[in-house]
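So the structure is just underneath, and the comments pick up after that.
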Amino acid sequence: MDKSRKRLLLGAVALLALLYTGDLVYRHGVEGPRANAARQRIKLEKRIRSTRLALAKGKQAATRLEQLESQSLPWNIEVARSEYQAWLLQRVQQAKLQNPHVDSSEPIAFFAGRGRRKSPDYYQLAFTLRTRGNLKQVVDFLFHFYRADHLHKIRAMNLNPVGRDRYIDLTL
């Protein structure tokens with residue numbers, strides 16, 4: 001009986017070893033790759049979300065850039081100067097102001113990025129407008145000036161009454 005007990009115990013140990021080996025094979029062959037695939041899927045989904053977010057931000061930036069470019073003058077400084085001066089004179093004529101005179105100062109270059117660059121990121125153009133008209137004409141001019149969808153502003157404005165004719169000398 002001793003031998004049969006030994007055989008029985010040996011069989012039980014062999015069965016346990018077989019079950020243990022089977023469990024190891026199952027864990028490394030099935031569960032391990034499944035868990036790795038799940039972790040990789042989660043990582044890839046995070047990358048997809050962050051990429052989609054970056055694309056959405058890029059589209060927003062591109063839309064904003066297009067909007068700003070539509071408000072901006074051309075890249076060529078001389079063309080930009082000329083176009084803006086013509087636009088100012090057109091507003092003066094539209095408001096029926098008299099004797100307009102527009103001066104332009106030298107453009108100021110701005111380098112928004114870091115490091116040394118050969119070309120500036122943008123230029124600031126400054127203009128001085130001198131004209132004359134009545135109060136209604138001046139208000140009309142200012143209304144259309146600020147109503148325009150341009151990146152511009154008035155830094156200084158002088159209004160001087162002229163005699164008794166109810167005219168105002170306007171300097172911007």
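By order in the structure tokens, chains are A, B, ...; within a chain, residues start at 1; ligands start at 1, following the order shown.
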Using only C-alpha atoms, I'd like a table of the residues in segment 34-70 of chain A that come within 12 Å of segment 14-27 of chain A; for each, show the closest atom pair and its distance in Å rounded to one decimal, ordered by chain and ascending number, as a tab-separated table.
```
residue	atom	partner	partner_atom	distance
A:Arg34	CA	A:Arg27	CA	9.5
A:Ala35	CA	A:Arg27	CA	9.9
A:Asn36	CA	A:Arg27	CA	11.7
```
May I have the selected residues written with C-alpha atoms, as a tab-separated table (two decimals), in the first residue's frame?
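File produced: part.tsv:
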```
chain	number	residue	atom	x	y	z
A	34	ARG	CA	-4.26	40.76	-23.40
A	35	ALA	CA	-3.23	43.10	-20.54
A	36	ASN	CA	-0.37	44.51	-22.65
```
Spatial neighbours of Asn158 of chain A, 9 Å, only C-alpha atoms, chain gap at least 6 places, as a ChimeraX atom specification: /A:169-172
Long-range neighbours of segment 81-87 of chain A as a ChimeraX atom specification, 9 Å cut-off, only C-alpha atoms, 6 positions minimum in chain: /A:73-74,102-104,107,125,127
Atomic distance atom CA of Leu97 of chain A - atom CA of Val138 of chain A, expressed in Å with one decimal: 7.4 Å
Produce a table with one row for each residue of segment 81-121 of chain A that has an atom at most 10 Å from any atom of segment 144-153 of chain A, each row naming the nearest atom pair and its distance in Å at one decimal; use only C-alpha atoms; arrange rows by chain and rising residue number; format as CSV.
```
residue,atom,partner,partner_atom,distance
A:Tyr84,CA,A:His150,CA,10.0
A:Trp87,CA,A:Phe145,CA,9.7
A:Leu88,CA,A:Phe145,CA,8.2
A:Arg91,CA,A:His144,CA,7.1
A:Val92,CA,A:Phe145,CA,9.5
A:Gln94,CA,A:His144,CA,9.0
A:Ala95,CA,A:His144,CA,8.6
```
Could the residues in this selection be saved with C-alpha atoms as a PDB file, in the first residue's frame?
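Written file, selection04.pdb:
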```
ATOM      1  CA  TYR A  84      -3.705 102.466 -45.740  1.00  0.00           C
ATOM      2  CA  TRP A  87      -8.088 104.025 -47.201  1.00  0.00           C
ATOM      3  CA  LEU A  88      -7.719 107.021 -44.846  1.00  0.00           C
ATOM      4  CA  ARG A  91     -12.788 107.769 -45.281  1.00  0.00           C
ATOM      5  CA  VAL A  92     -12.065 111.526 -45.323  1.00  0.00           C
ATOM      6  CA  GLN A  94     -16.752 109.767 -47.456  1.00  0.00           C
ATOM      7  CA  ALA A  95     -17.147 112.045 -44.409  1.00  0.00           C
TER       8      ALA A  95
END
```
Backbone-only DSSP, helix (DSSP H, G or I) members of segment 55-143 of chain A, as a PyMOL selection string: chain A and resi 55-71+77-94+135-143
Atom-to-atom span, atom CA of Ala38 of chain A and atom CA of Arg52 of chain A, Å: 20.8 Å
Polymer residues at most 7 Å from Gln124 of chain A, only C-alpha atoms, same-chain spacing of 2 or more positions, as a PyMOL selection string: chain A and resi 107-109+122+126
Mind writing the picked residues with N, CA, C and O atoms as a PDB file, in the first residue's frame?
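As a result, again.pdb now contains:
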```pdb
ATOM      1  N   PRO A 107       8.329 102.992 -40.693  1.00  0.00           N
ATOM      2  CA  PRO A 107       7.769 101.822 -40.019  1.00  0.00           C
ATOM      3  C   PRO A 107       8.694 101.356 -38.891  1.00  0.00           C
ATOM      4  O   PRO A 107       9.910 101.449 -38.987  1.00  0.00           O
ATOM      5  N   ILE A 108       8.095 100.844 -37.846  1.00  0.00           N
ATOM      6  CA  ILE A 108       8.850 100.302 -36.714  1.00  0.00           C
ATOM      7  C   ILE A 108       8.757  98.783 -36.787  1.00  0.00           C
ATOM      8  O   ILE A 108       7.660  98.215 -36.812  1.00  0.00           O
ATOM      9  N   ALA A 109       9.912  98.115 -36.820  1.00  0.00           N
ATOM     10  CA  ALA A 109       9.948  96.646 -36.931  1.00  0.00           C
ATOM     11  C   ALA A 109       9.844  96.019 -35.544  1.00  0.00           C
ATOM     12  O   ALA A 109      10.426  96.508 -34.582  1.00  0.00           O
ATOM     13  N   TYR A 122       6.501  91.637 -37.637  1.00  0.00           N
ATOM     14  CA  TYR A 122       5.531  92.599 -38.151  1.00  0.00           C
ATOM     15  C   TYR A 122       6.085  94.012 -38.006  1.00  0.00           C
ATOM     16  O   TYR A 122       7.099  94.223 -37.359  1.00  0.00           O
ATOM     17  N   ALA A 126       2.790 104.300 -38.647  1.00  0.00           N
ATOM     18  CA  ALA A 126       2.156 105.447 -37.995  1.00  0.00           C
ATOM     19  C   ALA A 126       1.844 106.502 -39.052  1.00  0.00           C
ATOM     20  O   ALA A 126       2.660 106.781 -39.928  1.00  0.00           O
TER      21      ALA A 126
END
```
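Interatomic distance, atom CA of Lys46 of chain A to atom CA of Leu65 of chain A: 28.1 Å.
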